[in-house]
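What follows is model-v6.tsv (TSV, N, CA and C atoms).
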chain	number	residue	atom	x	y	z
A	83	GLN	N	14.55	23.29	-29.91
A	83	GLN	CA	13.93	22.53	-28.84
A	83	GLN	C	14.80	22.60	-27.58
A	84	VAL	N	14.16	22.74	-26.45
A	84	VAL	CA	14.86	22.83	-25.18
A	84	VAL	C	14.33	21.75	-24.25
A	85	GLN	N	15.24	21.03	-23.63
A	85	GLN	CA	14.86	20.06	-22.61
A	85	GLN	C	15.30	20.57	-21.24
A	86	LEU	N	14.41	20.48	-20.28
A	86	LEU	CA	14.67	20.97	-18.93
A	86	LEU	C	14.45	19.84	-17.93
A	87	VAL	N	15.40	19.67	-17.03
A	87	VAL	CA	15.29	18.62	-16.02
A	87	VAL	C	15.58	19.23	-14.65
A	88	GLU	N	14.56	19.20	-13.79
A	88	GLU	CA	14.71	19.75	-12.44
A	88	GLU	C	15.22	18.68	-11.49
A	89	SER	N	15.88	19.13	-10.43
A	89	SER	CA	16.31	18.24	-9.36
A	89	SER	C	16.45	19.06	-8.08
A	90	GLY	N	16.61	18.35	-6.97
A	90	GLY	CA	16.85	19.04	-5.71
A	90	GLY	C	15.66	19.15	-4.79
A	91	GLY	N	14.51	18.71	-5.26
A	91	GLY	CA	13.35	18.75	-4.40
A	91	GLY	C	13.45	17.72	-3.28
A	92	GLY	N	12.52	17.80	-2.34
A	92	GLY	CA	12.52	16.85	-1.25
A	92	GLY	C	11.68	17.34	-0.09
A	93	TRP	N	11.93	16.74	1.04
A	93	TRP	CA	11.19	17.06	2.26
A	93	TRP	C	12.09	17.86	3.19
A	94	VAL	N	11.51	18.89	3.80
A	94	VAL	CA	12.29	19.72	4.71
A	94	VAL	C	11.35	20.28	5.78
A	95	GLN	N	11.87	20.51	6.94
A	95	GLN	CA	11.07	21.12	8.00
A	95	GLN	C	10.96	22.62	7.77
A	96	ALA	N	9.92	23.20	8.26
A	96	ALA	CA	9.74	24.64	8.15
A	96	ALA	C	10.94	25.36	8.74
A	97	GLY	N	11.39	26.39	8.03
A	97	GLY	CA	12.58	27.12	8.44
A	97	GLY	C	13.84	26.63	7.77
A	98	GLY	N	13.76	25.48	7.13
A	98	GLY	CA	14.91	24.90	6.46
A	98	GLY	C	15.13	25.46	5.07
A	99	SER	N	16.10	24.86	4.38
A	99	SER	CA	16.49	25.33	3.05
A	99	SER	C	16.59	24.17	2.07
A	100	LEU	N	16.38	24.50	0.82
A	100	LEU	CA	16.61	23.58	-0.29
A	100	LEU	C	17.14	24.37	-1.46
A	101	ARG	N	17.90	23.72	-2.32
A	101	ARG	CA	18.33	24.35	-3.55
A	101	ARG	C	17.88	23.49	-4.72
A	102	LEU	N	17.05	24.07	-5.57
A	102	LEU	CA	16.61	23.40	-6.77
A	102	LEU	C	17.55	23.72	-7.93
A	103	SER	N	17.72	22.75	-8.79
A	103	SER	CA	18.52	22.94	-10.00
A	103	SER	C	17.68	22.57	-11.21
A	104	CYS	N	17.99	23.21	-12.31
A	104	CYS	CA	17.33	22.89	-13.57
A	104	CYS	C	18.39	22.90	-14.66
A	105	ALA	N	18.65	21.73	-15.21
A	105	ALA	CA	19.63	21.60	-16.28
A	105	ALA	C	18.93	21.67	-17.62
A	106	ALA	N	19.50	22.46	-18.52
A	106	ALA	CA	18.90	22.65	-19.83
A	106	ALA	C	19.80	22.11	-20.91
A	107	SER	N	19.19	21.63	-21.98
A	107	SER	CA	19.95	21.17	-23.13
A	107	SER	C	19.14	21.45	-24.38
A	108	GLY	N	19.81	21.47	-25.50
A	108	GLY	CA	19.12	21.57	-26.77
A	108	GLY	C	19.03	22.95	-27.38
A	109	SER	N	19.54	23.94	-26.67
A	109	SER	CA	19.49	25.29	-27.23
A	109	SER	C	20.61	26.10	-26.63
A	110	THR	N	20.74	27.34	-27.07
A	110	THR	CA	21.77	28.22	-26.52
A	110	THR	C	21.31	28.72	-25.16
A	111	PHE	N	21.80	28.09	-24.13
A	111	PHE	CA	21.35	28.37	-22.77
A	111	PHE	C	21.52	29.83	-22.39
A	112	SER	N	22.62	30.43	-22.83
A	112	SER	CA	22.91	31.80	-22.41
A	112	SER	C	21.91	32.80	-22.95
A	113	ARG	N	21.11	32.41	-23.91
A	113	ARG	CA	20.12	33.31	-24.49
A	113	ARG	C	18.70	32.86	-24.15
A	114	LEU	N	18.54	32.24	-23.00
A	114	LEU	CA	17.23	31.83	-22.53
A	114	LEU	C	16.84	32.58	-21.27
A	115	VAL	N	15.61	33.05	-21.24
A	115	VAL	CA	15.00	33.51	-20.00
A	115	VAL	C	14.61	32.26	-19.22
A	116	LEU	N	14.92	32.22	-17.95
A	116	LEU	CA	14.68	31.03	-17.15
A	116	LEU	C	13.82	31.37	-15.94
A	117	GLY	N	12.75	30.64	-15.80
A	117	GLY	CA	11.83	30.93	-14.70
A	117	GLY	C	11.53	29.71	-13.85
A	118	TRP	N	11.03	29.99	-12.66
A	118	TRP	CA	10.54	28.94	-11.76
A	118	TRP	C	9.08	29.25	-11.44
A	119	PHE	N	8.27	28.23	-11.53
A	119	PHE	CA	6.87	28.29	-11.15
A	119	PHE	C	6.62	27.16	-10.16
A	120	ARG	N	5.47	27.22	-9.50
A	120	ARG	CA	5.09	26.12	-8.61
A	120	ARG	C	3.59	25.92	-8.65
A	121	GLN	N	3.21	24.70	-8.31
A	121	GLN	CA	1.78	24.36	-8.29
A	121	GLN	C	1.49	23.48	-7.10
A	122	ALA	N	0.65	23.99	-6.23
A	122	ALA	CA	0.21	23.23	-5.06
A	122	ALA	C	-1.06	22.46	-5.43
A	123	PRO	N	-1.36	21.41	-4.69
A	123	PRO	CA	-2.56	20.62	-5.00
A	123	PRO	C	-3.82	21.48	-5.00
A	124	GLY	N	-4.60	21.35	-6.06
A	124	GLY	CA	-5.85	22.08	-6.16
A	124	GLY	C	-5.71	23.54	-6.53
A	125	LYS	N	-4.49	23.97	-6.81
A	125	LYS	CA	-4.27	25.37	-7.15
A	125	LYS	C	-3.67	25.51	-8.54
A	126	GLU	N	-3.74	26.72	-9.07
A	126	GLU	CA	-3.15	26.97	-10.37
A	126	GLU	C	-1.63	27.13	-10.24
A	127	ARG	N	-0.96	26.91	-11.35
A	127	ARG	CA	0.48	27.12	-11.37
A	127	ARG	C	0.77	28.61	-11.20
A	128	GLU	N	1.70	28.92	-10.31
A	128	GLU	CA	1.99	30.31	-10.03
A	128	GLU	C	3.47	30.62	-10.20
A	129	PHE	N	3.72	31.87	-10.55
A	129	PHE	CA	5.07	32.36	-10.77
A	129	PHE	C	5.83	32.44	-9.46
A	130	VAL	N	7.10	32.07	-9.51
A	130	VAL	CA	7.98	32.19	-8.34
A	130	VAL	C	9.09	33.19	-8.61
A	131	SER	N	9.84	32.96	-9.70
A	131	SER	CA	10.97	33.83	-9.97
A	131	SER	C	11.42	33.66	-11.42
A	132	VAL	N	12.18	34.63	-11.91
A	132	VAL	CA	12.70	34.58	-13.27
A	132	VAL	C	14.03	35.31	-13.33
A	133	ILE	N	14.88	34.87	-14.26
A	133	ILE	CA	16.14	35.57	-14.51
A	133	ILE	C	16.28	35.71	-16.03
A	134	THR	N	16.57	36.92	-16.49
A	134	THR	CA	16.69	37.15	-17.92
A	134	THR	C	18.09	36.77	-18.40
A	135	TRP	N	18.27	36.79	-19.72
A	135	TRP	CA	19.58	36.39	-20.22
A	135	TRP	C	20.48	37.57	-20.58
A	136	SER	N	19.90	38.66	-21.05
A	136	SER	CA	20.75	39.75	-21.54
A	136	SER	C	21.39	40.54	-20.40
A	137	SER	N	20.65	40.76	-19.33
A	137	SER	CA	21.18	41.58	-18.24
A	137	SER	C	21.20	40.85	-16.90
A	138	GLY	N	20.61	39.66	-16.87
A	138	GLY	CA	20.54	38.93	-15.61
A	138	GLY	C	19.58	39.53	-14.60
A	139	ARG	N	18.61	40.33	-15.10
A	139	ARG	CA	17.60	40.86	-14.19
A	139	ARG	C	16.82	39.72	-13.55
A	140	THR	N	16.46	39.94	-12.30
A	140	THR	CA	15.68	38.94	-11.58
A	140	THR	C	14.39	39.56	-11.05
A	141	TYR	N	13.36	38.74	-11.01
A	141	TYR	CA	12.08	39.14	-10.45
A	141	TYR	C	11.58	38.02	-9.56
A	142	TYR	N	10.84	38.40	-8.53
A	142	TYR	CA	10.33	37.42	-7.59
A	142	TYR	C	8.87	37.70	-7.27
A	143	ALA	N	8.15	36.64	-6.99
A	143	ALA	CA	6.81	36.80	-6.44
A	143	ALA	C	6.93	37.39	-5.04
A	144	ASP	N	5.97	38.18	-4.65
A	144	ASP	CA	6.01	38.80	-3.33
A	144	ASP	C	6.11	37.76	-2.21
A	145	SER	N	5.50	36.61	-2.42
A	145	SER	CA	5.45	35.58	-1.39
A	145	SER	C	6.81	34.96	-1.10
A	146	VAL	N	7.76	35.13	-2.01
A	146	VAL	CA	9.08	34.51	-1.80
A	146	VAL	C	10.20	35.53	-1.72
A	147	LYS	N	9.89	36.79	-1.95
A	147	LYS	CA	10.91	37.83	-1.96
A	147	LYS	C	11.63	37.87	-0.61
A	148	GLY	N	12.94	37.91	-0.67
A	148	GLY	CA	13.74	37.93	0.54
A	148	GLY	C	14.09	36.56	1.08
A	149	ARG	N	13.43	35.54	0.56
A	149	ARG	CA	13.71	34.16	1.02
A	149	ARG	C	14.31	33.30	-0.09
A	150	PHE	N	13.90	33.53	-1.31
A	150	PHE	CA	14.37	32.74	-2.45
A	150	PHE	C	15.33	33.57	-3.29
A	151	THR	N	16.30	32.88	-3.90
A	151	THR	CA	17.25	33.54	-4.80
A	151	THR	C	17.43	32.70	-6.05
A	152	ILE	N	17.23	33.33	-7.20
A	152	ILE	CA	17.45	32.64	-8.47
A	152	ILE	C	18.82	33.04	-9.01
A	153	SER	N	19.47	32.08	-9.64
A	153	SER	CA	20.77	32.36	-10.26
A	153	SER	C	20.96	31.42	-11.44
A	154	ARG	N	21.92	31.75	-12.27
A	154	ARG	CA	22.19	30.89	-13.43
A	154	ARG	C	23.68	30.74	-13.61
A	155	ASP	N	24.06	29.58	-14.12
A	155	ASP	CA	25.45	29.31	-14.46
A	155	ASP	C	25.47	28.91	-15.92
A	156	ASN	N	25.82	29.84	-16.77
A	156	ASN	CA	25.78	29.56	-18.21
A	156	ASN	C	26.81	28.51	-18.62
A	157	ALA	N	27.88	28.39	-17.88
A	157	ALA	CA	28.90	27.39	-18.20
A	157	ALA	C	28.38	25.97	-17.94
A	158	LYS	N	27.44	25.86	-17.00
A	158	LYS	CA	26.89	24.55	-16.66
A	158	LYS	C	25.48	24.35	-17.20
A	159	ASN	N	24.99	25.34	-17.95
A	159	ASN	CA	23.63	25.25	-18.50
A	159	ASN	C	22.60	24.93	-17.42
A	160	THR	N	22.73	25.60	-16.30
A	160	THR	CA	21.89	25.29	-15.15
A	160	THR	C	21.39	26.56	-14.50
A	161	VAL	N	20.14	26.52	-14.09
A	161	VAL	CA	19.56	27.60	-13.29
A	161	VAL	C	19.21	27.03	-11.92
A	162	TYR	N	19.38	27.85	-10.91
A	162	TYR	CA	19.17	27.41	-9.54
A	162	TYR	C	18.09	28.25	-8.86
A	163	LEU	N	17.48	27.63	-7.86
A	163	LEU	CA	16.58	28.38	-6.99
A	163	LEU	C	16.94	28.01	-5.55
A	164	GLN	N	17.61	28.93	-4.89
A	164	GLN	CA	17.95	28.72	-3.48
A	164	GLN	C	16.76	29.17	-2.65
A	165	MET	N	16.24	28.26	-1.84
A	165	MET	CA	15.04	28.53	-1.05
A	165	MET	C	15.40	28.44	0.43
A	166	ASN	N	15.30	29.55	1.12
A	166	ASN	CA	15.59	29.61	2.55
A	166	ASN	C	14.33	29.95	3.32
A	167	SER	N	14.38	29.73	4.61
A	167	SER	CA	13.25	30.03	5.50
A	167	SER	C	11.95	29.47	4.94
A	168	LEU	N	12.00	28.24	4.55
A	168	LEU	CA	10.84	27.62	3.91
A	168	LEU	C	9.65	27.55	4.85
A	169	LYS	N	8.48	27.72	4.27
A	169	LYS	CA	7.23	27.68	5.00
A	169	LYS	C	6.36	26.55	4.49
A	170	PHE	N	5.40	26.15	5.30
A	170	PHE	CA	4.49	25.08	4.88
A	170	PHE	C	3.83	25.42	3.55
A	171	GLU	N	3.49	26.69	3.38
A	171	GLU	CA	2.78	27.10	2.15
A	171	GLU	C	3.67	27.11	0.92
A	172	ASP	N	4.97	26.83	1.08
A	172	ASP	CA	5.84	26.68	-0.08
A	172	ASP	C	5.75	25.27	-0.68
A	173	THR	N	5.04	24.39	-0.02
A	173	THR	CA	4.87	23.03	-0.51
A	173	THR	C	4.18	23.04	-1.87
A	174	ALA	N	4.81	22.41	-2.84
A	174	ALA	CA	4.28	22.41	-4.21
A	174	ALA	C	5.22	21.61	-5.11
A	175	ILE	N	4.76	21.38	-6.31
A	175	ILE	CA	5.66	20.90	-7.36
A	175	ILE	C	6.27	22.14	-8.00
A	176	TYR	N	7.56	22.16	-8.11
A	176	TYR	CA	8.28	23.30	-8.69
A	176	TYR	C	8.71	22.96	-10.11
A	177	TYR	N	8.38	23.87	-11.02
A	177	TYR	CA	8.68	23.68	-12.43
A	177	TYR	C	9.66	24.72	-12.93
A	178	CYS	N	10.57	24.27	-13.74
A	178	CYS	CA	11.48	25.16	-14.45
A	178	CYS	C	10.88	25.47	-15.81
A	179	ALA	N	11.04	26.69	-16.26
A	179	ALA	CA	10.51	27.10	-17.55
A	179	ALA	C	11.55	27.94	-18.29
A	180	ALA	N	11.48	27.90	-19.60
A	180	ALA	CA	12.46	28.64	-20.41
A	180	ALA	C	11.83	29.19	-21.67
A	181	ASP	N	12.39	30.30	-22.13
A	181	ASP	CA	11.94	30.90	-23.39
A	181	ASP	C	12.98	31.91	-23.81
A	182	PRO	N	13.18	32.11	-25.12
A	182	PRO	CA	14.19	33.09	-25.55
A	182	PRO	C	13.70	34.54	-25.51
A	183	ARG	N	12.40	34.76	-25.37
A	183	ARG	CA	11.86	36.12	-25.44
A	183	ARG	C	12.09	36.89	-24.15
A	184	GLU	N	12.46	38.15	-24.31
A	184	GLU	CA	12.58	39.05	-23.17
A	184	GLU	C	11.56	40.16	-23.28
A	185	TYR	N	11.21	40.73	-22.15
A	185	TYR	CA	10.20	41.77	-22.11
A	185	TYR	C	10.72	42.95	-21.30
A	186	LEU	N	10.08	44.10	-21.53
A	186	LEU	CA	10.53	45.30	-20.84
A	186	LEU	C	10.11	45.30	-19.37
A	187	GLY	N	8.92	44.82	-19.10
A	187	GLY	CA	8.43	44.83	-17.73
A	187	GLY	C	8.42	43.45	-17.13
A	188	SER	N	8.05	43.36	-15.87
A	188	SER	CA	8.08	42.08	-15.18
A	188	SER	C	6.78	41.29	-15.32
A	189	ASP	N	5.70	42.00	-15.68
A	189	ASP	CA	4.38	41.36	-15.70
A	189	ASP	C	4.33	40.11	-16.57
A	190	LEU	N	4.86	40.22	-17.77
A	190	LEU	CA	4.75	39.12	-18.72
A	190	LEU	C	5.56	37.91	-18.28
A	191	TYR	N	6.58	38.13	-17.48
A	191	TYR	CA	7.38	36.99	-17.01
A	191	TYR	C	6.61	36.12	-16.04
A	192	SER	N	5.58	36.65	-15.44
A	192	SER	CA	4.82	35.89	-14.46
A	192	SER	C	3.73	35.04	-15.09
A	193	ARG	N	3.60	35.10	-16.38
A	193	ARG	CA	2.55	34.35	-17.07
A	193	ARG	C	3.10	33.04	-17.63
A	194	THR	N	2.38	31.96	-17.43
A	194	THR	CA	2.84	30.67	-17.94
A	194	THR	C	2.94	30.68	-19.46
A	195	GLY	N	2.10	31.45	-20.13
A	195	GLY	CA	2.11	31.52	-21.58
A	195	GLY	C	3.33	32.18	-22.17
A	196	SER	N	4.15	32.82	-21.32
A	196	SER	CA	5.37	33.48	-21.80
A	196	SER	C	6.53	32.50	-21.96
A	197	TYR	N	6.30	31.25	-21.61
A	197	TYR	CA	7.37	30.25	-21.66
A	197	TYR	C	6.97	29.11	-22.58
A	198	GLY	N	7.87	28.77	-23.49
A	198	GLY	CA	7.58	27.73	-24.44
A	198	GLY	C	8.07	26.35	-24.02
A	199	TYR	N	8.90	26.31	-23.00
A	199	TYR	CA	9.50	25.04	-22.60
A	199	TYR	C	9.36	24.87	-21.09
A	200	TRP	N	9.04	23.64	-20.71
A	200	TRP	CA	8.81	23.31	-19.31
A	200	TRP	C	9.47	22.00	-18.94
A	201	GLY	N	9.92	21.93	-17.69
A	201	GLY	CA	10.40	20.68	-17.15
A	201	GLY	C	9.26	19.87	-16.57
A	202	GLN	N	9.60	18.70	-16.04
A	202	GLN	CA	8.59	17.79	-15.49
A	202	GLN	C	8.22	18.13	-14.04
A	203	GLY	N	9.04	18.91	-13.39
A	203	GLY	CA	8.73	19.32	-12.03
A	203	GLY	C	9.44	18.48	-10.98
A	204	THR	N	9.63	19.10	-9.82
A	204	THR	CA	10.22	18.41	-8.68
A	204	THR	C	9.42	18.79	-7.44
A	205	GLN	N	9.12	17.80	-6.63
A	205	GLN	CA	8.26	18.02	-5.47
A	205	GLN	C	9.05	18.61	-4.31
A	206	VAL	N	8.50	19.64	-3.71
A	206	VAL	CA	9.03	20.22	-2.49
A	206	VAL	C	7.95	20.12	-1.42
A	207	THR	N	8.28	19.48	-0.31
A	207	THR	CA	7.35	19.33	0.79
A	207	THR	C	7.95	19.94	2.04
A	208	VAL	N	7.24	20.88	2.63
A	208	VAL	CA	7.69	21.55	3.85
A	208	VAL	C	6.75	21.17	4.97
A	209	SER	N	7.28	20.57	6.00
A	209	SER	CA	6.44	20.16	7.12
A	209	SER	C	6.44	21.27	8.18
A	210	SER	N	5.27	21.47	8.74
A	210	SER	CA	5.14	22.55	9.73
A	210	SER	C	5.49	22.08	11.13

Represent the supplied structure as structure tokens.
Amino acid sequence: QVQLVESGGGWVQAGGSLRLSCAASGSTFSRLVLGWFRQAPGKEREFVSVITWSSGRTYYADSVKGRFTISRDNAKNTVYLQMNSLKFEDTAIYYCAADPREYLGSDLYSRTGSYGYWGQGTQVTVSS
């Protein structure tokens, strides 16, 4: 069993930055794939980014590429999402997700069904 707790959300003006954190407990953190998803009101949950455990490969949604950076600190059992140049359309609840399974391609990492564990989410609001 894995418990995930997100933090770092809040309100920011467009163009600003936020760093989200997700602390994990209950399993071997270093062998977890860790992802970030987000869900805006009235929309489906969508993939943002993921970092694997064996090689540290990272993948990003096109909408955040070049602005967001995912990283992990295995010593602190924490995954981060640094968000720069925030836009109004980045407003959403951001969820941390984890799973021990790795895949060869990036497609499966973007699916919510590829993750067995989820946090409660943290709200990010970007004002235009």

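The protein and nucleic acid residues lying at most 7 Å from A:Trp118 are Glu128, Phe129, Val130, Ser131, Val132, Ile133, Tyr176, Tyr177, Cys178 and Ala179 of chain A, with only N, CA and C atoms considered and sequence neighbours fewer than 4 positions away removed.
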
Residue neighbourhood stretch 159-168 of chain A, 6.5 Å, all atoms listed in the file, exclusion window fewer than 2 positions, as a VMD selection string:
chain A and resid 95 to 106 111 149 to 157 170 to 172 208

Atom pair atom CA of A:Thr207 + atom CA of A:Asp144, distance 19.9 Å

Atomic distance atom C of A:Val87 - atom N of A:Arg120, expressed in Å with one decimal
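One can read the atom C of A:Val87 to atom N of A:Arg120 distance as 13.9 Å.
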
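Nearest-residue note for A:Gln121: choosing from A:Gly92, A:Gly148, A:Arg139, A:Ala174, the minimum distance belongs to A:Ala174, counting only N, CA and C atoms.
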
Which one of A:Thr173, A:Thr194, A:Ser107, A:Ser112 sits closest to A:Arg127 if you count all atoms listed in the file?
A:Thr194

Centre, edges in Å (one decimal): axis-aligned box, stretch 94-108 of chain A, 8 Å padding on all six sides, as AutoDock Vina command-line options:
--center_x 14.8 --center_y 23.0 --center_z -9.3 --size_x 26.2 --size_y 24.2 --size_z 52.1

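Distances from A:Val206, A:Trp200, A:Pro182, A:Ser145 to A:Arg113 were compared using all atoms listed in the file, and the smallest one belongs to A:Pro182.
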
Separation of atom CA of A:Ser196 from atom CA of A:Leu116, in Å and rounded to one decimal:
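Computed distance, atom CA of A:Ser196 to atom CA of A:Leu116, equals 10.7 Å.
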
Between stretch 129-160 of chain A and stretch 183-186 of chain A, at 8 Å or less, what are the per-residue closest atom pairs and their distances in Å? Count all atoms listed in the file, order by chain and rising residue number, and return it as CSV.
residue,atom,partner,partner_atom,distance
A:Thr134,CA,A:Glu184,CA,6.9
A:Trp135,N,A:Glu184,CA,7.0
A:Ser136,N,A:Glu184,CA,7.6

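Compared by their closest atoms to A:Gln205, and using only C-alpha atoms, the residues A:Asp181, A:Ser109, A:Val94, A:Val146 rank with A:Val94 nearest.
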
From a backbone DSSP assignment, name each residue in chain A labelled strand (DSSP E or B), as number ranges by chain.
A: 85-89, 92-95, 100-107, 115-121, 128-133, 140-142, 150-155, 160-165, 174-181, 199-200, 204-209

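Closest approach to A:Gln85 among A:Thr140, A:Arg193, A:Ser188, A:Ala180: A:Ala180, based on only C-alpha atoms.
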
Sel. of helix (DSSP H, G or I) residues, chain A, as a list in words:
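Restricting chain A to helix (DSSP H, G or I) produces Phe111, Ser112, Arg113, Phe170, Glu171, Asp172, Asp189, Leu190, Tyr191, Ser192, Thr194, Gly195 and Ser196 of chain A.
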
For A:Gly108, the closest of A:Gly138, A:Leu86, A:Ser209, A:Gly91 counting only C-alpha atoms is A:Leu86

Keeping all heavy atoms, write stretch 144-153 of chain A of the structure just shown out as a CSV table (one decimal), in the first residue's frame.
chain,number,residue,atom,x,y,z
A,144,ASP,N,2.3,17.8,-23.9
A,144,ASP,CA,2.7,18.9,-24.8
A,144,ASP,C,2.4,20.2,-24.2
A,144,ASP,O,3.1,21.2,-24.4
A,144,ASP,CB,2.1,18.7,-26.2
A,144,ASP,CG,2.7,17.6,-27.0
A,144,ASP,OD1,3.8,17.1,-26.6
A,144,ASP,OD2,2.0,17.1,-27.9
A,145,SER,N,1.3,20.3,-23.5
A,145,SER,CA,0.8,21.6,-23.0
A,145,SER,C,1.7,22.2,-21.9
A,145,SER,O,1.7,23.4,-21.6
A,145,SER,CB,-0.6,21.5,-22.4
A,145,SER,OG,-0.6,20.5,-21.4
A,146,VAL,N,2.6,21.3,-21.3
A,146,VAL,CA,3.4,21.8,-20.2
A,146,VAL,C,4.9,21.7,-20.5
A,146,VAL,O,5.8,22.2,-19.8
A,146,VAL,CB,3.2,21.1,-18.9
A,146,VAL,CG1,1.7,21.2,-18.6
A,146,VAL,CG2,3.6,19.7,-18.9
A,147,LYS,N,5.2,21.1,-21.7
A,147,LYS,CA,6.6,20.9,-22.0
A,147,LYS,C,7.4,22.2,-22.1
A,147,LYS,O,6.9,23.2,-22.7
A,147,LYS,CB,6.7,20.1,-23.4
A,147,LYS,CG,7.9,19.3,-23.6
A,147,LYS,CD,7.7,18.4,-24.8
A,147,LYS,CE,6.7,17.3,-24.6
A,147,LYS,NZ,6.6,16.4,-25.8
A,148,GLY,N,8.5,22.3,-21.5
A,148,GLY,CA,9.3,23.5,-21.5
A,148,GLY,C,9.0,24.4,-20.4
A,148,GLY,O,9.7,25.4,-20.1
A,149,ARG,N,7.9,24.2,-19.7
A,149,ARG,CA,7.5,25.0,-18.5
A,149,ARG,C,7.5,24.3,-17.2
A,149,ARG,O,7.8,24.9,-16.2
A,149,ARG,CB,6.1,25.6,-18.8
A,149,ARG,CG,5.9,26.4,-20.0
A,149,ARG,CD,4.6,27.1,-20.1
A,149,ARG,NE,3.5,26.1,-20.1
A,149,ARG,CZ,2.5,26.1,-19.2
A,149,ARG,NH1,2.5,26.9,-18.2
A,149,ARG,NH2,1.5,25.2,-19.4
A,150,PHE,N,7.2,23.0,-17.2
A,150,PHE,CA,7.2,22.2,-16.0
A,150,PHE,C,8.3,21.2,-16.0
A,150,PHE,O,8.8,20.8,-17.0
A,150,PHE,CB,5.9,21.4,-16.0
A,150,PHE,CG,4.6,22.2,-15.7
A,150,PHE,CD1,4.6,23.6,-15.8
A,150,PHE,CD2,3.4,21.5,-15.4
A,150,PHE,CE1,3.4,24.3,-15.6
A,150,PHE,CE2,2.2,22.2,-15.2
A,150,PHE,CZ,2.3,23.6,-15.3
A,151,THR,N,8.8,20.9,-14.8
A,151,THR,CA,9.9,20.0,-14.6
A,151,THR,C,9.5,19.1,-13.4
A,151,THR,O,9.3,19.5,-12.3
A,151,THR,CB,11.2,20.7,-14.3
A,151,THR,OG1,11.5,21.6,-15.4
A,151,THR,CG2,12.3,19.7,-14.2
A,152,ILE,N,9.6,17.8,-13.7
A,152,ILE,CA,9.4,16.8,-12.7
A,152,ILE,C,10.7,16.2,-12.2
A,152,ILE,O,11.7,16.1,-13.0
A,152,ILE,CB,8.5,15.6,-13.2
A,152,ILE,CG1,8.0,14.7,-12.1
A,152,ILE,CG2,9.2,14.8,-14.3
A,152,ILE,CD1,7.0,13.7,-12.5
A,153,SER,N,10.8,16.0,-10.9
A,153,SER,CA,12.0,15.4,-10.3
A,153,SER,C,11.6,14.6,-9.1
A,153,SER,O,10.5,14.7,-8.6
A,153,SER,CB,13.0,16.5,-9.9
A,153,SER,OG,12.4,17.4,-9.0
